[in-house]
>>> print(open('final-v4.cif').read())   # mmCIF, C-alpha atoms
data_entry
loop_
_atom_site.label_atom_id
_atom_site.label_comp_id
_atom_site.auth_asym_id
_atom_site.auth_seq_id
_atom_site.Cartn_x
_atom_site.Cartn_y
_atom_site.Cartn_z
CA MET A 793 -9.99 -53.00 53.38
CA ILE A 794 -7.94 -51.34 50.64
CA ARG A 795 -10.24 -52.82 47.96
CA LYS A 796 -13.31 -51.31 49.63
CA PHE A 797 -11.57 -47.95 49.93
CA LEU A 798 -10.50 -47.97 46.23
CA SER A 799 -13.99 -49.03 45.15
CA ILE A 800 -15.62 -46.21 47.10
CA LEU A 801 -13.04 -43.73 45.77
CA ALA A 802 -13.62 -44.85 42.17
CA ILE A 803 -17.40 -44.48 42.54
CA ALA A 804 -17.01 -41.04 44.11
CA VAL A 805 -14.74 -39.86 41.26
CA LEU A 806 -17.14 -41.23 38.66
CA ILE A 807 -20.16 -39.53 40.23
CA SER A 808 -18.41 -36.18 40.65
CA SER A 809 -17.02 -36.17 37.09
CA CYS A 810 -20.41 -36.93 35.54
CA GLY A 811 -22.04 -33.94 37.21
CA ASN A 812 -19.35 -31.42 36.26
CA THR A 813 -18.99 -32.24 32.56
CA GLY A 814 -22.50 -31.14 31.57
CA ASN A 815 -22.23 -27.75 33.26
CA LYS A 816 -18.92 -26.91 31.56
CA GLU A 817 -20.28 -27.81 28.11
CA SER A 818 -23.42 -25.73 28.61
CA ALA A 819 -21.40 -22.75 29.74
CA SER A 820 -19.01 -22.96 26.79
CA LYS A 821 -21.88 -23.24 24.27
CA ALA A 822 -23.58 -20.19 25.76
CA GLU A 823 -20.37 -18.19 25.52
CA ALA A 824 -19.70 -19.29 21.91
CA VAL A 825 -22.94 -17.82 20.53
CA SER A 826 -22.84 -14.05 20.55
CA PRO A 827 -25.87 -11.95 19.68
CA ALA A 828 -26.09 -11.03 16.00
CA SER A 829 -26.01 -7.41 14.96
CA LEU A 830 -28.32 -6.40 12.10
CA VAL A 831 -26.34 -5.11 9.11
CA GLU A 832 -27.95 -3.40 6.13
CA PHE A 833 -27.10 -5.11 2.83
CA ALA A 834 -25.83 -1.79 1.40
CA THR A 835 -23.53 -1.31 4.42
CA LEU A 836 -22.20 -4.85 3.99
CA ILE A 837 -21.36 -4.07 0.36
CA GLU A 838 -19.58 -0.81 1.29
CA HIS A 839 -17.48 -2.26 4.16
CA PRO A 840 -17.47 -6.07 3.94
CA GLY A 841 -14.14 -6.44 5.77
CA ASP A 842 -15.63 -4.86 8.90
CA TYR A 843 -17.92 -7.87 9.39
CA VAL A 844 -15.62 -10.83 8.66
CA GLY A 845 -15.61 -13.23 11.61
CA LYS A 846 -18.61 -11.57 13.25
CA ASN A 847 -22.08 -12.93 13.92
CA ILE A 848 -24.42 -10.73 11.88
CA SER A 849 -27.96 -10.66 10.48
CA VAL A 850 -28.63 -9.52 6.92
CA GLU A 851 -31.98 -8.97 5.21
CA GLY A 852 -32.31 -9.78 1.54
CA LYS A 853 -34.23 -11.51 -1.20
CA VAL A 854 -33.48 -15.18 -1.89
CA VAL A 855 -32.55 -15.49 -5.57
CA HIS A 856 -31.22 -19.06 -5.51
CA VAL A 857 -31.62 -22.16 -3.37
CA CYS A 858 -29.34 -25.04 -4.36
CA THR A 859 -31.39 -27.93 -5.69
CA HIS A 860 -28.51 -30.39 -5.45
CA SER A 861 -27.46 -30.14 -1.81
CA GLY A 862 -30.08 -27.75 -0.41
CA LYS A 863 -27.31 -26.36 1.79
CA LYS A 864 -26.65 -23.05 0.02
CA LEU A 865 -28.61 -20.04 -1.02
CA PHE A 866 -27.88 -16.59 -2.41
CA LEU A 867 -29.32 -13.29 -1.18
CA THR A 868 -29.49 -9.92 -2.92
CA GLY A 869 -30.20 -6.44 -1.66
CA GLU A 870 -31.35 -3.48 -3.76
CA ASN A 871 -28.77 -4.29 -6.44
CA PRO A 872 -29.70 -7.72 -7.88
CA ASP A 873 -26.20 -8.08 -9.38
CA VAL A 874 -24.54 -8.32 -5.94
CA ARG A 875 -25.19 -11.59 -4.12
CA LEU A 876 -24.30 -12.92 -0.68
CA TYR A 877 -23.49 -16.62 -0.52
CA VAL A 878 -25.05 -18.37 2.51
CA GLN A 879 -23.87 -21.89 3.41
CA ALA A 880 -25.59 -24.17 5.92
CA GLY A 881 -23.28 -26.33 8.03
CA GLU A 882 -23.44 -30.11 8.22
CA GLU A 883 -25.55 -30.00 11.39
CA MET A 884 -28.06 -27.60 9.85
CA PRO A 885 -31.08 -28.80 7.87
CA LYS A 886 -31.48 -28.07 4.17
CA PHE A 887 -32.98 -24.75 3.13
CA PRO A 888 -36.66 -25.09 2.16
CA MET A 889 -37.14 -24.63 -1.59
CA ASP A 890 -40.12 -22.34 -0.93
CA LEU A 891 -37.68 -19.65 0.29
CA LEU A 892 -36.90 -18.83 -3.35
CA GLY A 893 -38.19 -15.30 -4.04
CA SER A 894 -38.85 -14.57 -0.34
CA GLU A 895 -37.51 -11.72 1.74
CA ILE A 896 -35.67 -13.19 4.73
CA VAL A 897 -33.29 -12.20 7.52
CA VAL A 898 -30.35 -14.60 7.73
CA GLU A 899 -28.14 -14.84 10.80
CA GLY A 900 -24.64 -16.26 10.67
CA THR A 901 -20.91 -15.63 10.72
CA LEU A 902 -19.32 -13.92 7.74
CA THR A 903 -16.23 -15.81 6.54
CA GLN A 904 -13.64 -15.04 3.88
CA VAL A 905 -12.97 -17.80 1.35
CA ALA A 906 -10.68 -18.16 -1.68
CA ALA A 907 -13.45 -19.14 -4.10
CA ILE A 908 -17.11 -20.03 -3.78
CA PRO A 909 -17.36 -23.74 -4.61
CA ALA A 910 -19.94 -25.15 -6.98
CA THR A 911 -21.75 -28.18 -5.64
CA GLU A 912 -19.90 -31.49 -5.82
CA GLU A 913 -22.98 -33.19 -7.19
CA ALA A 914 -23.28 -30.72 -10.04
CA THR A 915 -19.63 -30.76 -11.11
CA GLY A 916 -18.60 -34.32 -10.29
CA ASN A 917 -15.56 -32.82 -8.54
CA THR A 918 -14.56 -32.92 -4.91
CA GLY A 919 -12.31 -30.85 -2.66
CA GLU A 920 -10.01 -28.35 -4.36
CA ALA A 921 -11.33 -29.17 -7.83
CA ALA A 922 -14.82 -28.11 -6.73
CA ALA A 923 -13.44 -24.82 -5.43
CA ASN A 924 -11.97 -24.15 -8.87
CA ALA A 925 -15.22 -25.08 -10.63
CA VAL A 926 -17.02 -21.82 -9.91
CA GLY A 927 -17.25 -21.21 -13.63
CA ALA A 928 -18.87 -24.58 -14.30
CA ASP A 929 -22.00 -24.46 -16.45
CA THR A 930 -24.11 -26.02 -13.72
CA CYS A 931 -24.90 -22.97 -11.60
CA GLU A 932 -25.46 -19.57 -13.20
CA THR A 933 -25.72 -17.90 -9.81
CA ALA A 934 -22.32 -19.25 -8.70
CA LYS A 935 -20.74 -17.93 -11.91
CA ALA A 936 -22.38 -14.54 -11.42
CA LEU A 937 -21.18 -14.47 -7.81
CA ALA A 938 -17.60 -15.19 -8.85
CA SER A 939 -17.62 -12.30 -11.33
CA GLN A 940 -19.14 -9.62 -9.08
CA PRO A 941 -16.84 -6.86 -7.73
CA VAL A 942 -17.78 -7.21 -4.02
CA LEU A 943 -18.72 -10.09 -1.70
CA SER A 944 -17.35 -12.67 -4.18
CA ASP A 945 -14.82 -13.92 -1.63
CA LEU A 946 -17.21 -13.97 1.34
CA MET A 947 -19.75 -16.45 2.58
CA MET A 948 -22.05 -16.51 5.56
CA VAL A 949 -22.06 -19.66 7.66
CA TYR A 950 -25.75 -19.96 8.46
CA ASN A 951 -27.23 -20.17 11.97
CA LYS A 952 -30.91 -19.39 11.35
CA HIS A 953 -33.33 -17.39 9.22
CA THR A 954 -36.69 -15.70 9.58
CA LEU A 955 -39.16 -14.60 6.94
CA VAL A 956 -39.81 -10.88 6.60
CA LYS A 957 -43.52 -10.11 6.74
#
>>> encode(input="final-v4.cif", output="structure tokens")
Amino acid sequence: MIRKFLSILAIAVLISSCGNTGNKESASKAEAVSPASLVEFATLIEHPGDYVGKNISVEGKVVHVCTHSGKKLFLTGENPDVRLYVQAGEEMPKFPMDLLGSEIVVEGTLTQVAAIPATEEATGNTGEAAANAVGADTCETAKALASQPVLSDLMMVYNKHTLVK
């Protein structure tokens, strides 16, 4: 009698826990993604600290797509000497190479970093050594980014992009 009761109780707990887990995960994912606010590139340059940690969209011209990893690109606004570093996460696909030279709107979260890392493949370094290799001869855009007066310590963690028509 006790075995039957424990078996029925175990099945009931299993069934009820399976149904509740999916709803909680869906609700937390929906809350985690906030709508992106469109920020002009010039405004981002003037007040970059105002947007750190926020989900934003920025329009710009793609001046570099990494050929090694395909997971980073650089955008410029009206001033071609100021670049925004955009990094795709591990779950995101590589950036298409045909984006080079295109006007796009990129959505993501602006993050402050100590140094923009060069690619591990290009430098042969990993971890902290790669972060210090911004001046490596392998990526002219990364060197230019490190020497610019604004946005050099910021990167956008990429969510999605759209082409501007």
>>> atom_distance(input="final-v4.cif", atom1="CA of Gly869 (chain A)", atom2="CA of Val831 (chain A)")
11.5 Å
>>> residues_around(input="final-v4.cif", residues="region 851-862 of chain A", least_positions_apart="4", cutoff="8 Å", atoms="all atoms listed in the file", output="mmCIF file with C-alpha atoms, in the coordinates of the input")
data_model
loop_
_atom_site.group_PDB
_atom_site.id
_atom_site.type_symbol
_atom_site.label_atom_id
_atom_site.label_comp_id
_atom_site.auth_asym_id
_atom_site.auth_seq_id
_atom_site.Cartn_x
_atom_site.Cartn_y
_atom_site.Cartn_z
ATOM 1 C CA VAL A 831 -26.340 -5.110 9.110
ATOM 2 C CA GLU A 832 -27.950 -3.400 6.130
ATOM 3 C CA PHE A 833 -27.100 -5.110 2.830
ATOM 4 C CA PHE A 866 -27.880 -16.590 -2.410
ATOM 5 C CA LEU A 867 -29.320 -13.290 -1.180
ATOM 6 C CA THR A 868 -29.490 -9.920 -2.920
ATOM 7 C CA GLY A 869 -30.200 -6.440 -1.660
ATOM 8 C CA LYS A 886 -31.480 -28.070 4.170
ATOM 9 C CA PHE A 887 -32.980 -24.750 3.130
ATOM 10 C CA PRO A 888 -36.660 -25.090 2.160
ATOM 11 C CA MET A 889 -37.140 -24.630 -1.590
ATOM 12 C CA LEU A 891 -37.680 -19.650 0.290
ATOM 13 C CA LEU A 892 -36.900 -18.830 -3.350
ATOM 14 C CA GLY A 893 -38.190 -15.300 -4.040
ATOM 15 C CA SER A 894 -38.850 -14.570 -0.340
ATOM 16 C CA GLU A 895 -37.510 -11.720 1.740
ATOM 17 C CA ILE A 896 -35.670 -13.190 4.730
ATOM 18 C CA VAL A 897 -33.290 -12.200 7.520
ATOM 19 C CA VAL A 898 -30.350 -14.600 7.730
ATOM 20 C CA THR A 911 -21.750 -28.180 -5.640
ATOM 21 C CA GLU A 913 -22.980 -33.190 -7.190
ATOM 22 C CA ALA A 914 -23.280 -30.720 -10.040
ATOM 23 C CA THR A 933 -25.720 -17.900 -9.810
#
>>> closest_residue(input="final-v4.cif", among="A:Val905, A:Ala934, A:Ile837, A:Leu830", to="Met948 (chain A)", atoms="all atoms listed in the file")
A:Val905
>>> atom_distance(input="final-v4.cif", atom1="CA of Val850 (chain A)", atom2="CA of Asn951 (chain A)")
11.9 Å
>>> atom_distance(input="final-v4.cif", atom1="CA of Glu870 (chain A)", atom2="CA of Ala828 (chain A)")
21.8 Å
>>> resolve_selection(input="final-v4.cif", expression="the PyMOL selection byres ((chain A and resi 877) around 6)", output="list in words")
Phe866, Leu876, Val878 and Met947 of chain A
>>> closest_residue(input="final-v4.cif", among="A:Ala834, A:Ile848, A:Leu955, A:Leu865", to="Val942 (chain A)", atoms="only C-alpha atoms")
A:Ala834
>>> residues_around(input="final-v4.cif", residues="Gln940 (chain A)", least_positions_apart="5", cutoff="9 Å", atoms="all atoms listed in the file", output="PyMOL selection string")
chain A and resi 873-875+935
>>> closest_residue(input="final-v4.cif", among="A:Val949, A:Ile803, A:Val956, A:Ala936", to="Gly881 (chain A)", atoms="all atoms listed in the file")
A:Val949
